[in-house]
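Below is the file start-v2.cif, which contains mmCIF, C-alpha atoms.
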data_entry
loop_
_atom_site.group_PDB
_atom_site.id
_atom_site.type_symbol
_atom_site.label_atom_id
_atom_site.label_comp_id
_atom_site.auth_asym_id
_atom_site.auth_seq_id
_atom_site.Cartn_x
_atom_site.Cartn_y
_atom_site.Cartn_z
ATOM 1 C CA MET N 1 -26.198 90.011 39.198
ATOM 2 C CA SER N 2 -26.437 92.523 42.031
ATOM 3 C CA ASP N 3 -25.688 96.182 41.318
ATOM 4 C CA HIS N 4 -23.592 96.350 44.484
ATOM 5 C CA LEU N 5 -19.868 95.810 44.215
ATOM 6 C CA THR N 6 -18.781 93.334 46.880
ATOM 7 C CA LEU N 7 -15.129 92.801 47.724
ATOM 8 C CA GLU N 8 -13.435 90.480 50.159
ATOM 9 C CA VAL N 9 -10.121 91.293 51.834
ATOM 10 C CA ILE N 10 -8.707 87.965 52.935
ATOM 11 C CA ASP N 11 -5.573 87.861 55.047
ATOM 12 C CA ALA N 12 -4.301 84.474 53.913
ATOM 13 C CA ASP N 13 -0.990 83.697 52.253
ATOM 14 C CA GLY N 14 -1.541 83.229 48.543
ATOM 15 C CA ALA N 15 -5.326 83.438 48.866
ATOM 16 C CA GLU N 16 -7.382 85.238 46.274
ATOM 17 C CA MET N 17 -8.290 88.685 47.610
ATOM 18 C CA GLU N 18 -11.318 89.859 45.651
ATOM 19 C CA ALA N 19 -14.136 88.216 43.715
ATOM 20 C CA TYR N 20 -14.227 91.305 41.511
ATOM 21 C CA ASP N 21 -11.210 90.034 39.567
ATOM 22 C CA ASN N 22 -13.182 87.051 38.283
ATOM 23 C CA LEU N 23 -16.077 89.012 36.832
ATOM 24 C CA PRO N 24 -16.355 89.363 33.033
ATOM 25 C CA ARG N 25 -14.935 92.629 31.695
ATOM 26 C CA SER N 26 -18.368 93.867 30.610
ATOM 27 C CA THR N 27 -19.785 93.257 34.088
ATOM 28 C CA ARG N 28 -16.855 94.995 35.766
ATOM 29 C CA MET N 29 -17.234 98.029 33.516
ATOM 30 C CA SER N 30 -20.973 98.140 34.215
ATOM 31 C CA LEU N 31 -20.421 98.013 37.970
ATOM 32 C CA LEU N 32 -17.720 100.654 37.741
ATOM 33 C CA GLN N 33 -19.961 103.000 35.750
ATOM 34 C CA ARG N 34 -22.848 102.525 38.174
ATOM 35 C CA GLY N 35 -20.519 103.207 41.090
ATOM 36 C CA LEU N 36 -19.606 106.675 39.843
ATOM 37 C CA VAL N 37 -21.411 109.949 40.265
ATOM 38 C CA ALA N 38 -20.213 113.439 39.332
ATOM 39 C CA GLY N 39 -17.500 115.242 41.274
ATOM 40 C CA GLY N 40 -15.278 112.327 42.182
ATOM 41 C CA THR N 41 -17.859 110.659 44.424
ATOM 42 C CA ILE N 42 -18.174 106.879 44.509
ATOM 43 C CA ALA N 43 -21.115 104.758 45.590
ATOM 44 C CA VAL N 44 -20.254 101.371 47.051
ATOM 45 C CA GLY N 45 -22.778 98.929 48.431
ATOM 46 C CA GLY N 46 -25.389 101.675 48.552
ATOM 47 C CA VAL N 47 -23.167 104.051 50.547
ATOM 48 C CA VAL N 48 -22.132 107.284 48.835
ATOM 49 C CA ILE N 49 -18.732 108.653 49.794
ATOM 50 C CA GLY N 50 -17.696 112.127 48.650
ATOM 51 C CA GLY N 51 -14.326 113.740 48.202
ATOM 52 C CA LEU N 52 -12.509 110.801 46.678
ATOM 53 C CA PRO N 53 -10.381 111.273 43.565
ATOM 54 C CA LYS N 54 -11.787 110.524 40.130
ATOM 55 C CA LEU N 55 -11.264 107.038 38.765
ATOM 56 C CA VAL N 56 -8.732 106.866 35.955
ATOM 57 C CA THR N 57 -9.471 104.956 32.760
ATOM 58 C CA ALA N 58 -7.690 106.896 29.974
ATOM 59 C CA ALA N 59 -4.259 106.471 28.415
ATOM 60 C CA PRO N 60 -1.265 108.027 30.235
ATOM 61 C CA SER N 61 -1.194 111.830 30.140
ATOM 62 C CA PRO N 62 -0.088 114.707 32.392
ATOM 63 C CA SER N 63 -3.699 115.386 33.381
ATOM 64 C CA GLN N 64 -4.207 111.734 34.277
ATOM 65 C CA ASP N 65 -1.027 111.848 36.345
ATOM 66 C CA VAL N 66 -2.742 114.446 38.536
ATOM 67 C CA ASP N 67 -5.699 112.122 39.143
ATOM 68 C CA ILE N 68 -3.387 109.224 39.948
ATOM 69 C CA LEU N 69 -1.275 111.326 42.306
ATOM 70 C CA ASN N 70 -4.412 112.416 44.159
ATOM 71 C CA PHE N 71 -5.508 108.773 44.346
ATOM 72 C CA ALA N 72 -2.124 107.927 45.871
ATOM 73 C CA LEU N 73 -2.350 110.938 48.189
ATOM 74 C CA THR N 74 -5.689 109.710 49.535
ATOM 75 C CA LEU N 75 -4.092 106.404 50.503
ATOM 76 C CA GLU N 76 -1.018 108.092 51.960
ATOM 77 C CA TYR N 77 -3.202 110.427 54.049
ATOM 78 C CA LEU N 78 -4.945 107.326 55.380
ATOM 79 C CA GLU N 79 -1.767 105.440 56.193
ATOM 80 C CA ALA N 80 0.026 108.444 57.679
ATOM 81 C CA GLU N 81 -2.861 109.256 60.017
ATOM 82 C CA PHE N 82 -3.225 105.593 60.996
ATOM 83 C CA TYR N 83 0.386 105.434 62.167
ATOM 84 C CA ILE N 84 0.322 108.901 63.721
ATOM 85 C CA GLN N 85 -2.622 107.889 65.899
ATOM 86 C CA ALA N 86 -1.118 104.487 66.685
ATOM 87 C CA VAL N 87 2.162 105.997 67.903
ATOM 88 C CA ALA N 88 0.383 108.731 69.881
ATOM 89 C CA GLY N 89 -2.068 106.276 71.459
ATOM 90 C CA GLY N 90 0.542 104.569 73.620
ATOM 91 C CA ALA N 91 -0.802 101.026 73.207
ATOM 92 C CA LEU N 92 2.154 99.722 71.191
ATOM 93 C CA SER N 93 5.509 98.538 72.496
ATOM 94 C CA GLY N 94 8.639 96.718 71.426
ATOM 95 C CA GLU N 95 9.149 95.877 67.753
ATOM 96 C CA LEU N 96 5.577 96.863 66.912
ATOM 97 C CA LEU N 97 6.131 100.391 68.257
ATOM 98 C CA LYS N 98 9.462 100.642 66.434
ATOM 99 C CA PHE N 99 7.722 99.598 63.209
ATOM 100 C CA ALA N 100 4.929 102.135 63.714
ATOM 101 C CA LYS N 101 7.367 104.999 64.351
ATOM 102 C CA VAL N 102 9.488 104.245 61.291
ATOM 103 C CA VAL N 103 6.521 103.750 58.979
ATOM 104 C CA LYS N 104 4.814 106.879 60.328
ATOM 105 C CA ALA N 105 7.825 108.935 59.286
ATOM 106 C CA HIS N 106 7.818 107.321 55.843
ATOM 107 C CA GLU N 107 4.105 107.873 55.248
ATOM 108 C CA VAL N 108 4.311 111.496 56.395
ATOM 109 C CA ALA N 109 7.186 111.957 53.937
ATOM 110 C CA HIS N 110 5.100 110.372 51.167
ATOM 111 C CA VAL N 111 2.247 112.783 51.876
ATOM 112 C CA ALA N 112 4.608 115.756 51.727
ATOM 113 C CA PHE N 113 6.139 114.477 48.484
ATOM 114 C CA LEU N 114 2.777 114.009 46.771
ATOM 115 C CA LYS N 115 1.414 117.338 47.999
ATOM 116 C CA GLY N 116 4.552 119.052 46.746
ATOM 117 C CA ALA N 117 4.189 117.419 43.341
ATOM 118 C CA LEU N 118 0.505 118.357 43.078
ATOM 119 C CA GLY N 119 0.732 121.871 44.478
ATOM 120 C CA ALA N 120 -2.627 123.626 44.343
ATOM 121 C CA LYS N 121 -4.191 120.550 42.710
ATOM 122 C CA ALA N 122 -3.736 118.387 45.813
ATOM 123 C CA ILE N 123 -6.957 117.188 47.419
ATOM 124 C CA ALA N 124 -7.644 118.089 51.047
ATOM 125 C CA LYS N 125 -6.931 115.623 53.837
ATOM 126 C CA PRO N 126 -10.052 113.656 54.816
ATOM 127 C CA THR N 127 -11.114 112.994 58.385
ATOM 128 C CA PHE N 128 -10.666 109.515 59.805
ATOM 129 C CA ASP N 129 -12.088 107.136 62.392
ATOM 130 C CA PHE N 130 -9.963 104.017 62.791
ATOM 131 C CA LYS N 131 -12.527 102.378 65.047
ATOM 132 C CA GLY N 132 -10.146 101.398 67.824
ATOM 133 C CA THR N 133 -7.648 99.622 65.581
ATOM 134 C CA THR N 134 -4.861 102.004 66.617
ATOM 135 C CA ASP N 135 -5.477 101.366 70.332
ATOM 136 C CA ASP N 136 -5.152 97.583 70.336
ATOM 137 C CA PRO N 137 -1.853 95.936 69.346
ATOM 138 C CA ALA N 138 -3.475 92.875 67.760
ATOM 139 C CA LYS N 139 -5.963 94.952 65.757
ATOM 140 C CA PHE N 140 -3.241 97.420 64.790
ATOM 141 C CA GLN N 141 -1.037 94.597 63.524
ATOM 142 C CA ALA N 142 -3.809 92.983 61.466
ATOM 143 C CA THR N 143 -4.972 96.310 60.043
ATOM 144 C CA SER N 144 -1.441 97.364 59.183
ATOM 145 C CA ILE N 145 -0.932 94.196 57.133
ATOM 146 C CA VAL N 146 -4.078 94.916 55.132
ATOM 147 C CA LEU N 147 -3.215 98.605 54.635
ATOM 148 C CA GLU N 148 0.334 97.910 53.501
ATOM 149 C CA ASP N 149 -0.718 95.120 51.136
ATOM 150 C CA THR N 150 -3.424 97.404 49.763
ATOM 151 C CA GLY N 151 -0.925 100.216 49.221
ATOM 152 C CA VAL N 152 1.385 97.970 47.210
ATOM 153 C CA ALA N 153 -1.507 96.666 45.094
ATOM 154 C CA ALA N 154 -2.727 100.228 44.492
ATOM 155 C CA TYR N 155 0.622 101.494 43.210
ATOM 156 C CA ASN N 156 1.112 98.374 41.091
ATOM 157 C CA GLY N 157 -2.297 98.910 39.537
ATOM 158 C CA GLN N 158 -1.333 102.346 38.246
ATOM 159 C CA GLY N 159 2.034 101.397 36.737
ATOM 160 C CA THR N 160 0.750 101.286 33.165
ATOM 161 C CA ARG N 161 -1.439 104.367 33.594
ATOM 162 C CA VAL N 162 1.209 106.951 34.429
ATOM 163 C CA THR N 163 3.584 108.820 32.151
ATOM 164 C CA ARG N 164 7.256 107.837 32.072
ATOM 165 C CA LYS N 165 8.071 110.996 34.029
ATOM 166 C CA LEU N 166 6.007 109.795 36.993
ATOM 167 C CA LEU N 167 6.883 106.104 36.827
ATOM 168 C CA ALA N 168 10.269 106.338 38.565
ATOM 169 C CA ALA N 169 8.835 108.381 41.448
ATOM 170 C CA ALA N 170 5.970 105.919 41.906
ATOM 171 C CA ALA N 171 8.399 102.989 41.862
ATOM 172 C CA SER N 172 10.489 104.590 44.607
ATOM 173 C CA VAL N 173 7.395 104.759 46.818
ATOM 174 C CA VAL N 174 5.940 101.316 46.119
ATOM 175 C CA SER N 175 9.235 99.586 46.888
ATOM 176 C CA VAL N 176 9.209 101.153 50.358
ATOM 177 C CA GLU N 177 5.548 100.216 50.861
ATOM 178 C CA ALA N 178 6.511 96.629 50.003
ATOM 179 C CA ARG N 179 9.243 96.748 52.670
ATOM 180 C CA HIS N 180 6.613 97.897 55.176
ATOM 181 C CA ALA N 181 4.363 94.996 54.187
ATOM 182 C CA ALA N 182 7.171 92.480 54.613
ATOM 183 C CA TRP N 183 8.241 93.943 57.970
ATOM 184 C CA ILE N 184 4.794 93.860 59.574
ATOM 185 C CA ARG N 185 4.205 90.351 58.252
ATOM 186 C CA ASP N 186 7.465 89.239 59.853
ATOM 187 C CA ILE N 187 6.415 90.795 63.166
ATOM 188 C CA ALA N 188 3.120 88.908 62.906
ATOM 189 C CA ARG N 189 5.049 85.695 62.137
ATOM 190 C CA LYS N 190 3.560 85.487 58.667
ATOM 191 C CA ASN N 191 5.408 84.767 55.438
ATOM 192 C CA PRO N 192 6.858 88.171 54.386
ATOM 193 C CA ALA N 193 6.715 87.195 50.700
ATOM 194 C CA PRO N 194 3.807 84.752 50.291
ATOM 195 C CA VAL N 195 3.595 84.943 46.486
ATOM 196 C CA ALA N 196 6.017 85.279 43.577
ATOM 197 C CA PHE N 197 4.122 88.199 42.046
ATOM 198 C CA ASP N 198 2.248 90.944 43.905
ATOM 199 C CA PRO N 199 -1.276 91.540 42.579
ATOM 200 C CA ALA N 200 -2.222 94.827 40.945
ATOM 201 C CA LYS N 201 -5.573 96.339 41.894
ATOM 202 C CA SER N 202 -7.591 98.962 40.044
ATOM 203 C CA GLN N 203 -8.628 102.286 41.531
ATOM 204 C CA ALA N 204 -12.214 101.043 41.701
ATOM 205 C CA GLN N 205 -11.170 97.995 43.699
ATOM 206 C CA ILE N 206 -8.899 99.913 46.059
ATOM 207 C CA LEU N 207 -11.369 102.737 46.734
ATOM 208 C CA SER N 208 -14.137 100.208 47.300
ATOM 209 C CA ALA N 209 -12.025 98.265 49.790
ATOM 210 C CA VAL N 210 -10.959 101.447 51.619
ATOM 211 C CA THR N 211 -14.527 102.737 51.712
ATOM 212 C CA ALA N 212 -15.728 99.435 53.143
ATOM 213 C CA THR N 213 -13.470 99.882 56.189
ATOM 214 C CA GLY N 214 -15.372 103.010 57.218
ATOM 215 C CA PHE N 215 -12.054 104.648 58.154
ATOM 216 C CA ILE N 216 -12.667 107.708 55.961
ATOM 217 C CA THR N 217 -15.443 109.706 57.580
ATOM 218 C CA GLY N 218 -15.419 112.970 55.659
#

This structure in structure tokens:
Amino acid sequence: MSDHLTLEVIDADGAEMEAYDNLPRSTRMSLLQRGLVAGGTIAVGGVVIGGLPKLVTAAPSPSQDVDILNFALTLEYLEAEFYIQAVAGGALSGELLKFAKVVKAHEVAHVAFLKGALGAKAIAKPTFDFKGTTDDPAKFQATSIVLEDTGVAAYNGQGTRVTRKLLAAAASVVSVEARHAAWIRDIARKNPAPVAFDPAKSQAQILSAVTATGFITG
């Protein structure tokens, strides 16, 4: 068994998204432990990325809520900046541009909400390089589907890890992210609701998938 954690993001209706899910629990825990280094830094596939929030493994608590909110904030920073750059780039038109403008406003609002909830404990906004995906309508569309599906899976994965106080707020965000996912799939002429149950992904899986894109540069 390799020490490197390999994930696949497959854009296929109903297809299995990540081989990680099928690993034995002991193997997954071993990989997760090897992927962590001090200070909220994660190593994936031999690449060390700093500045990411700590992975959460404990029972629900106010202190864990902070870690989960910062995890969510990292993803919202990513999505907000993706749509900001896409709208500003001028490559989009028609329904795709309308989608990008609406979702940009939502993601910016999500960032503000999470930063307000975290106050001084909020992590700083990373820097991003979207590698041309915001400047090409086809690439933007495909990337948006993956980002929105990932956002839904990320929030679903934390549902049992947050306190009751935070659960309602998280639910109000994930339902909107799901609407985004359905909308962009409809634009792309894909099934907006390909499965009966959305998958839940762990922080380790989500951060690994995001890191693999190379979009977060610092």

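Closest approach to Pro126 in chain N among N:Ser202, N:Ser93, N:Gln64, N:Thr74: N:Thr74, based on only C-alpha atoms.
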
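Going from CA of Asn70 in chain N over to CA of Ala86 in chain N, you cover 24.1 Å.
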
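Nearest to Ile84 in chain N of all the residues N:Thr134, N:Phe113, N:Asn191, N:Pro60 is N:Thr134, counting only C-alpha atoms.
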
Result set of the PyMOL selection byres ((chain N and resi 185-190) around 10) on the coordinates above, as a short mmCIF file (atom, residue, chain, number, x, y, z; two decimals) with C-alpha atoms, in the frame of the given file:
data_model
loop_
_atom_site.label_atom_id
_atom_site.label_comp_id
_atom_site.auth_asym_id
_atom_site.auth_seq_id
_atom_site.Cartn_x
_atom_site.Cartn_y
_atom_site.Cartn_z
CA ALA N 12 -4.30 84.47 53.91
CA ASP N 13 -0.99 83.70 52.25
CA GLU N 95 9.15 95.88 67.75
CA LEU N 96 5.58 96.86 66.91
CA PHE N 99 7.72 99.60 63.21
CA ALA N 138 -3.48 92.88 67.76
CA GLN N 141 -1.04 94.60 63.52
CA ALA N 142 -3.81 92.98 61.47
CA SER N 144 -1.44 97.36 59.18
CA ILE N 145 -0.93 94.20 57.13
CA VAL N 146 -4.08 94.92 55.13
CA GLU N 148 0.33 97.91 53.50
CA ASP N 149 -0.72 95.12 51.14
CA ARG N 179 9.24 96.75 52.67
CA HIS N 180 6.61 97.90 55.18
CA ALA N 181 4.36 95.00 54.19
CA ALA N 182 7.17 92.48 54.61
CA TRP N 183 8.24 93.94 57.97
CA ILE N 184 4.79 93.86 59.57
CA ASN N 191 5.41 84.77 55.44
CA PRO N 192 6.86 88.17 54.39
CA ALA N 193 6.72 87.20 50.70
CA PRO N 194 3.81 84.75 50.29
#

>> Which residues are near range 166-174 of chain N? Cut-off 12 Å, all atoms listed in the file, ignore same chain within fewer than 5 positions. Put them as a VMD selection string.
In response: chain N and resid 60 to 66 68 to 69 72 to 73 76 106 to 107 109 to 111 113 to 114 117 to 118 148 to 161 179 to 181 198 200

>> Quick check, in Å to one decimal: how far apart do CA of Phe82 in chain N and CA of Val102 in chain N lie?
In response: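 Straight-line distance from CA of Phe82 in chain N to CA of Val102 in chain N works out to 12.8 Å.
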
> Between CA of Gln205 in chain N and CA of Val176 in chain N, what is the distance, to one decimal in Å?
Replying inline: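 According to the coordinates, CA of Gln205 in chain N and CA of Val176 in chain N are separated by 21.7 Å.
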
>> From the options N:Ile206, N:Ala88, N:Ala124, N:Ala112, which residue's atoms come nearest to Leu75 in chain N, counting all atoms listed in the file?
In response: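 Checking each of N:Ile206, N:Ala88, N:Ala124, N:Ala112 against Leu75 in chain N, counting all atoms listed in the file, the winner is N:Ile206.
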
Write out as lines of an AutoDock Vina configuration file an axis-aligned box for range 99-117 of chain N: all of its atoms listed in the file, 8 Å added on each side, centre and edge lengths in Å with one decimal.
center_x = 5.5
center_y = 109.3
center_z = 53.8
size_x = 24.1
size_y = 35.5
size_z = 37.0

> For the file shown, what are the residues hit by the PyMOL selection byres ((chain N and resi 136) around 10), laid out as JSON, numbers by chain?
Replying inline: {"N": [86, 89, 90, 91, 92, 132, 133, 134, 135, 137, 138, 139, 140, 141]}

May I have the selected residues written with C-alpha atoms, as a PDB file, in the coordinates of the input?
ATOM      1  CA  ALA N  86      -1.118 104.487  66.685  1.00  0.00           C
ATOM      2  CA  GLY N  89      -2.068 106.276  71.459  1.00  0.00           C
ATOM      3  CA  GLY N  90       0.542 104.569  73.620  1.00  0.00           C
ATOM      4  CA  ALA N  91      -0.802 101.026  73.207  1.00  0.00           C
ATOM      5  CA  LEU N  92       2.154  99.722  71.191  1.00  0.00           C
ATOM      6  CA  GLY N 132     -10.146 101.398  67.824  1.00  0.00           C
ATOM      7  CA  THR N 133      -7.648  99.622  65.581  1.00  0.00           C
ATOM      8  CA  THR N 134      -4.861 102.004  66.617  1.00  0.00           C
ATOM      9  CA  ASP N 135      -5.477 101.366  70.332  1.00  0.00           C
ATOM     10  CA  PRO N 137      -1.853  95.936  69.346  1.00  0.00           C
ATOM     11  CA  ALA N 138      -3.475  92.875  67.760  1.00  0.00           C
ATOM     12  CA  LYS N 139      -5.963  94.952  65.757  1.00  0.00           C
ATOM     13  CA  PHE N 140      -3.241  97.420  64.790  1.00  0.00           C
ATOM     14  CA  GLN N 141      -1.037  94.597  63.524  1.00  0.00           C
TER      15      GLN N 141
END
